[in-house]
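For reference, the structure is listed below as structure tokens.
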Amino acid sequence: MKEIVNRIKEKFPVISETYQREDLTFITTDKIHAVETVTHLRDYEGFKHLVLLTAVDWLEDGVFQLTYLLNNPKEKIDLGVRVQIPRDNPEMTSAHHLWAAMATYQRELYEMFGISFPGSPRMKEPFILDGWDGPPPYRRDFDTLKYAEDTFFPRSGRSTNDPAEHMKKKMYPEG
Amino acid sequence: MSLEDLEKRTVYGPDNEEINVDPLQDYYCAATPEAKTEAQKGTAPIIEKFANWARSESLWVLAYGTGCGAIEMRPLMTPKYDAYRFGVQWRPTPRQSNLFIISGYLSIKTLKIAIRAYEQMPSPKYVMGVGSCTINGGMYFDSYNTINRLDHYMPVDVYVAGCMPRPESLLTGFDLLKKLIKEGKGTGADKYAKEFEWYKGNQKKIIKNWDMPDFNW
């Protein structure tokens, strides 16, 4: 894995690297070079299979982190390419030309996180949500509980127990 | 189904004759449902009682699984629990069934289909809400995409609590439903007809992409 990362480093800027497991590594690159890096890995390093494209909402840092997880079927190793993009007006270069499945992942990210991929086919069509007009629901500043209470007629009388508090009360009633 | 399927259109027959199709008029019933009056119910109470006994002993379930609870139907309909010995059987289409088992959480997309299926079922029809998701949202109570209370969208006769309830619980639910029907309390379809506006308002509040007729009969 280290040799692959070193070879990548010669060609593209690698901001950081994480050696998670023997067969799993993550590298972080910048927004301009991310799709180029993925293309290079696919064409020259044998990472022919796209496992997934996913996003993480780092609300406190004001960034979305995209992860392109790639798999090399011959060597049986995985490499994740991470890239951070700003949270307001998030936009990323589309990579739908690399794998057919990429367009579907990008469509999902547009719906759930509001990340735009200009040029990606059928991106703005509704994917899972039907007729959704609120903010993208996977963003962490979207309050799902409040939305559900406003929309879905909650039944009163619902109570919840914090497991730690409940067990403390049960096992040590004197305190 | 999409909005285009409901638009008026002209199609041409084999001899090039023009056929004007208005789906809302030709394929669906424009009138809203009506509750049964006392006169329609039968000439004598004893006949109604007999009819109710017959209805309770032939619950035909629409085989449509809406959530994780649909997996409980398999042991229920196969020899392990064998619900067929109680007159409960599963049917492939809404037109042939009179009991709708909502077996778990309902996302907005699934609710749309469930409403269409419910309205297509012939009256008298019954709804059984299975699992805590249909009662108060269950573990999805704070989800942005699943409903909390089923009884705001269609009339529910029997709830079976649990997450998930075992097939035995469903058998108990069938027993309770039979008792209700024999007492003449299985009037969900009439309730739906009487409070049609309220149910439609609730349904349309959450189904933003309403691409079907108001009444799917």
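In the structure tokens, each chain is lettered A, B, ... as it comes, each chain's residues begin at 1, and ligands are numbered from 1 in order of appearance.
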Selection: 12 Å around stretch 47-63 of chain A, only C-alpha atoms, excl. self and same-chain fewer than 6 positions, as a PyMOL selection string: chain A and resi 4+31+35+37-41+69-92+94-96+98-115+136-142
6 Å contacts from chain A to chain B using only C-alpha atoms, as a ChimeraX atom specification: /A:131,144-145,148,152,154-155
Residues of chain B in helix (DSSP H, G or I), written as number ranges by chain: B: 3-6, 23-26, 39-41, 45-56, 68-77, 83-86, 94-96, 108-120, 132-136, 138-140, 150-152, 167-182, 188-194, 196-206
Given only C-alpha atoms as the counted atoms, nearest of B:Pro45, B:Gly65, B:Pro79, B:Pro167 to B:Ser103: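 Using only C-alpha atoms, B:Ser103 sits closest to B:Gly65.
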Neighbour list for A:Met1 as a list in words, cut-off 9 Å, only C-alpha atoms, skip fewer than 5 positions in-chain: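 Here the qualifying residues turn out to be Asn6, Tyr19, Glu22, Asp23, Leu24, Thr25, Ile77 and Leu79 of chain A.
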Secondary structure check, strand (DSSP E or B) residues of stretch 33-148 of chain A, as number ranges by chain: A: 49-58, 63-72, 77-86, 91, 116
7 Å contact set for B:Leu6, only C-alpha atoms, chain neighbours under 2 positions out, as a list in words: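 The residues that qualify are Leu3, Glu4, Lys8, Pro23 and Leu24 of chain B.
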Neighbour list for B:Val158 as a list in words, cut-off 10 Å, only C-alpha atoms, skip fewer than 3 positions in-chain: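 Neighbouring residues, sequence-local ones excluded: Ile101, Tyr126, Val127, Met128, Gly129, Val130, Pro155, Ala161, Gly173, Phe174, Leu176, Leu177, Leu180 and Gly186 of chain B.
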Nearest-residue call for A:Val14, choices A:Met123, A:Pro163, A:Ile27, A:Lys2, using only C-alpha atoms: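 Using only C-alpha atoms, the shortest distance to A:Val14 belongs to A:Ile27.
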Atom CA of B:Thr66 to atom CA of B:Cys133, straight-line distance in Å: 11.1 Å
